[in-house]
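Engineer: Mind looking over this structure? Questions follow.
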Amino acid sequence: MIRESPGHKSLQTTEAYQDNFEFDRMIEYGTEEIDQKRTTPNPEYRKLTNQLKKLREKKARLEAKMYNKIESENDKTIEEIKNDMINTSDLIEKINAYNEEIAVLIKQRSNKPSRISLAEMPIEHRYNKLKQESKKFKNAIVMLAYRAETALYNILKEFFKGAENNGRMLLKEIFSSDGDMIPDYKNNTLTIVLHSMSTPRSNEAVAKLCEFLNETETIYPYSNLKMIFKSIAV
């Protein structure tokens, strides 16, 4: 967390920038209407298709059971065959009943289009999409932040042994640690003071990172203040 050092003139904080640029409005969560002429799978057609699938699966199981009975009759007595024939006739009746249900559903489905426009959908099945502009803006910010982190990670490799495995963890610690922002309007500088990290090895890497960043002579956005990075490792 970066905070301003007591006794110095206030800089614009993150909240102030959000107010000025209306970030909360730009990154909003909501929906927008989809073109009503766009087509989509018909819920009624899909429902009938699912019902047909289930009936056909039940019918297939009964048919398999019946065929197994027929194939096993070679080694049975006449009495056993009679009993199997009775059971088989029951299976045939059930299979025929499924055939009738399947025929009815096929006829019902034939009267339904497989796809319909959104305007034709029942109200309870209609839907909208998330607002794309807000999502794109948010994704752009995330991508910029990731690229900035990656750039620092690549720089860190030059003087932090083990950066391949722990470099991003060190950057995460830097971003979440306390710090001070000390503006000097007379000399047009903004000093960023980073507090101590968790290990001496990390503090050494942060000090070298500060030296590198100071060589870039970066100007703080929307100001004429040159940024100076310092580490006050304990």
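The way I read the labels, and the way they are meant: chains A, B, ... in the order of the structure tokens, residue 1 as the first residue of every chain, and ligand 1 as the first ligand shown, with later ones counted on from there.
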Going by DSSP on the backbone, which bits of segment 36-229 of chain A are strand (DSSP E)? Write them as a compact mmCIF listing (two decimals) with N, CA and C atoms, in the first residue's frame, please.
Structural biologist:
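Dumped everything to part15.txt:
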# COMPACT_ATOMS: atom_id res chain seq x y z
N THR A 39 -30.67 -16.03 -34.57
CA THR A 39 -31.32 -17.32 -34.31
C THR A 39 -30.58 -18.09 -33.22
N THR A 40 -31.33 -18.98 -32.58
CA THR A 40 -30.80 -19.78 -31.49
C THR A 40 -31.55 -21.11 -31.47
N PRO A 41 -30.98 -22.18 -30.89
CA PRO A 41 -31.72 -23.45 -30.81
C PRO A 41 -33.08 -23.28 -30.14
N ARG A 115 -34.38 -24.19 -35.09
CA ARG A 115 -33.85 -22.89 -34.65
C ARG A 115 -34.91 -21.83 -34.84
N ILE A 116 -34.92 -20.86 -33.92
CA ILE A 116 -35.86 -19.75 -34.00
C ILE A 116 -35.12 -18.46 -33.68
N SER A 117 -35.70 -17.33 -34.03
CA SER A 117 -35.11 -16.03 -33.69
C SER A 117 -35.37 -15.74 -32.22
N LYS A 129 -26.88 -10.38 -23.29
CA LYS A 129 -25.45 -10.65 -23.13
C LYS A 129 -24.83 -9.58 -22.25
N LEU A 130 -23.70 -9.91 -21.63
CA LEU A 130 -22.98 -8.95 -20.81
C LEU A 130 -22.50 -7.78 -21.65
N GLY A 179 4.41 1.66 1.61
CA GLY A 179 5.36 2.58 1.00
C GLY A 179 4.91 4.01 1.20
N ASP A 180 5.76 4.96 0.88
CA ASP A 180 5.44 6.38 1.03
C ASP A 180 5.65 7.10 -0.30
N MET A 181 4.79 8.08 -0.55
CA MET A 181 4.94 8.96 -1.72
C MET A 181 5.26 10.36 -1.20
N ILE A 182 6.44 10.87 -1.54
CA ILE A 182 6.89 12.15 -1.01
C ILE A 182 7.12 13.12 -2.18
N PRO A 183 6.18 14.01 -2.43
CA PRO A 183 6.36 14.97 -3.52
C PRO A 183 7.24 16.15 -3.10
N ASP A 184 8.06 16.59 -4.03
CA ASP A 184 8.89 17.78 -3.81
C ASP A 184 8.64 18.71 -5.00
N THR A 189 10.13 16.53 -8.07
CA THR A 189 10.39 15.10 -7.90
C THR A 189 9.28 14.47 -7.06
N LEU A 190 9.11 13.20 -7.25
CA LEU A 190 8.19 12.42 -6.44
C LEU A 190 8.96 11.18 -5.99
N THR A 191 9.28 11.12 -4.72
CA THR A 191 10.06 10.01 -4.19
C THR A 191 9.13 8.90 -3.70
N ILE A 192 9.33 7.69 -4.23
CA ILE A 192 8.57 6.52 -3.81
C ILE A 192 9.46 5.70 -2.89
N VAL A 193 9.10 5.65 -1.63
CA VAL A 193 9.91 4.94 -0.64
C VAL A 193 9.26 3.59 -0.34
N LEU A 194 9.99 2.52 -0.65
CA LEU A 194 9.49 1.18 -0.40
C LEU A 194 10.01 0.68 0.93
N LYS A 226 9.44 14.03 -11.54
CA LYS A 226 10.23 12.85 -11.88
C LYS A 226 10.20 11.88 -10.72
N MET A 227 9.95 10.61 -11.03
CA MET A 227 9.81 9.59 -9.97
C MET A 227 11.18 9.07 -9.55
N ILE A 228 11.40 9.04 -8.23
CA ILE A 228 12.65 8.52 -7.66
C ILE A 228 12.27 7.39 -6.68
N PHE A 229 12.84 6.22 -6.93
CA PHE A 229 12.50 5.05 -6.10
C PHE A 229 13.61 4.79 -5.08
Engineer: So that I can check the secondary structure, give me every residue of segment 191-222 of chain A assigned alpha helix (DSSP H) by backbone DSSP, as a list of chain:residue names.
Structural biologist: A:Pro200, A:Arg201, A:Ser202, A:Asn203, A:Glu204, A:Ala205, A:Val206, A:Ala207, A:Lys208, A:Leu209, A:Cys210, A:Glu211, A:Phe212, A:Leu213, A:Asn214, A:Glu215
Engineer: Since we have the selection now, will you write its residues out, keeping N, CA and C atoms, as a PDB file, in the first residue's frame?
Structural biologist:
ATOM      1  N   PRO A 200      16.489 -10.369   3.594  1.00  0.00           N
ATOM      2  CA  PRO A 200      17.593  -9.516   3.135  1.00  0.00           C
ATOM      3  C   PRO A 200      17.860  -9.688   1.639  1.00  0.00           C
ATOM      4  N   ARG A 201      17.730 -10.903   1.157  1.00  0.00           N
ATOM      5  CA  ARG A 201      17.939 -11.172  -0.272  1.00  0.00           C
ATOM      6  C   ARG A 201      16.934 -10.412  -1.132  1.00  0.00           C
ATOM      7  N   SER A 202      15.692 -10.346  -0.670  1.00  0.00           N
ATOM      8  CA  SER A 202      14.664  -9.603  -1.399  1.00  0.00           C
ATOM      9  C   SER A 202      14.950  -8.105  -1.344  1.00  0.00           C
ATOM     10  N   ASN A 203      15.391  -7.620  -0.183  1.00  0.00           N
ATOM     11  CA  ASN A 203      15.720  -6.204  -0.052  1.00  0.00           C
ATOM     12  C   ASN A 203      16.847  -5.795  -0.999  1.00  0.00           C
ATOM     13  N   GLU A 204      17.818  -6.674  -1.156  1.00  0.00           N
ATOM     14  CA  GLU A 204      18.931  -6.387  -2.059  1.00  0.00           C
ATOM     15  C   GLU A 204      18.436  -6.290  -3.508  1.00  0.00           C
ATOM     16  N   ALA A 205      17.548  -7.202  -3.876  1.00  0.00           N
ATOM     17  CA  ALA A 205      16.997  -7.177  -5.234  1.00  0.00           C
ATOM     18  C   ALA A 205      16.161  -5.923  -5.463  1.00  0.00           C
ATOM     19  N   VAL A 206      15.382  -5.515  -4.445  1.00  0.00           N
ATOM     20  CA  VAL A 206      14.547  -4.320  -4.563  1.00  0.00           C
ATOM     21  C   VAL A 206      15.415  -3.076  -4.718  1.00  0.00           C
ATOM     22  N   ALA A 207      16.515  -3.005  -3.992  1.00  0.00           N
ATOM     23  CA  ALA A 207      17.416  -1.853  -4.093  1.00  0.00           C
ATOM     24  C   ALA A 207      17.974  -1.718  -5.511  1.00  0.00           C
ATOM     25  N   LYS A 208      18.360  -2.852  -6.093  1.00  0.00           N
ATOM     26  CA  LYS A 208      18.893  -2.827  -7.465  1.00  0.00           C
ATOM     27  C   LYS A 208      17.790  -2.495  -8.468  1.00  0.00           C
ATOM     28  N   LEU A 209      16.581  -2.965  -8.200  1.00  0.00           N
ATOM     29  CA  LEU A 209      15.454  -2.632  -9.073  1.00  0.00           C
ATOM     30  C   LEU A 209      15.175  -1.140  -9.033  1.00  0.00           C
ATOM     31  N   CYS A 210      15.270  -0.532  -7.850  1.00  0.00           N
ATOM     32  CA  CYS A 210      15.077   0.911  -7.711  1.00  0.00           C
ATOM     33  C   CYS A 210      16.126   1.674  -8.520  1.00  0.00           C
ATOM     34  N   GLU A 211      17.373   1.224  -8.474  1.00  0.00           N
ATOM     35  CA  GLU A 211      18.443   1.868  -9.244  1.00  0.00           C
ATOM     36  C   GLU A 211      18.127   1.832 -10.738  1.00  0.00           C
ATOM     37  N   PHE A 212      17.656   0.687 -11.188  1.00  0.00           N
ATOM     38  CA  PHE A 212      17.317   0.555 -12.617  1.00  0.00           C
ATOM     39  C   PHE A 212      16.180   1.503 -12.990  1.00  0.00           C
ATOM     40  N   LEU A 213      15.125   1.525 -12.174  1.00  0.00           N
ATOM     41  CA  LEU A 213      13.967   2.372 -12.476  1.00  0.00           C
ATOM     42  C   LEU A 213      14.332   3.845 -12.449  1.00  0.00           C
ATOM     43  N   ASN A 214      15.236   4.242 -11.560  1.00  0.00           N
ATOM     44  CA  ASN A 214      15.644   5.651 -11.487  1.00  0.00           C
ATOM     45  C   ASN A 214      16.377   6.086 -12.758  1.00  0.00           C
ATOM     46  N   GLU A 215      17.061   5.146 -13.400  1.00  0.00           N
ATOM     47  CA  GLU A 215      17.769   5.470 -14.644  1.00  0.00           C
ATOM     48  C   GLU A 215      16.810   5.809 -15.781  1.00  0.00           C
TER      49      GLU A 215
END
Engineer: Can you tell me how far atom CA of Phe160 of chain A sits from atom CA of Tyr220 of chain A, in Å to one decimal?
Structural biologist: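 Value for the atom CA of Phe160 of chain A-atom CA of Tyr220 of chain A distance: 26.4 Å.
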Engineer: What does the distance from atom CA of Ala145 of chain A to atom CA of Asn188 of chain A come to in Å, to one decimal?
Structural biologist: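 So the answer is 26.2 Å.
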Engineer: How many Å lie between atom CA of Gly167 of chain A and atom CA of Ser231 of chain A, rounded to one decimal?
Structural biologist: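 Atom-to-atom, atom CA of Gly167 of chain A to atom CA of Ser231 of chain A, that is 17.5 Å.
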Engineer: I need the residue nearest Asn42 of chain A from this list: A:Arg147, A:Lys172, A:Arg109, A:Lys136. Use only C-alpha atoms for the distance.
Structural biologist: A:Arg109
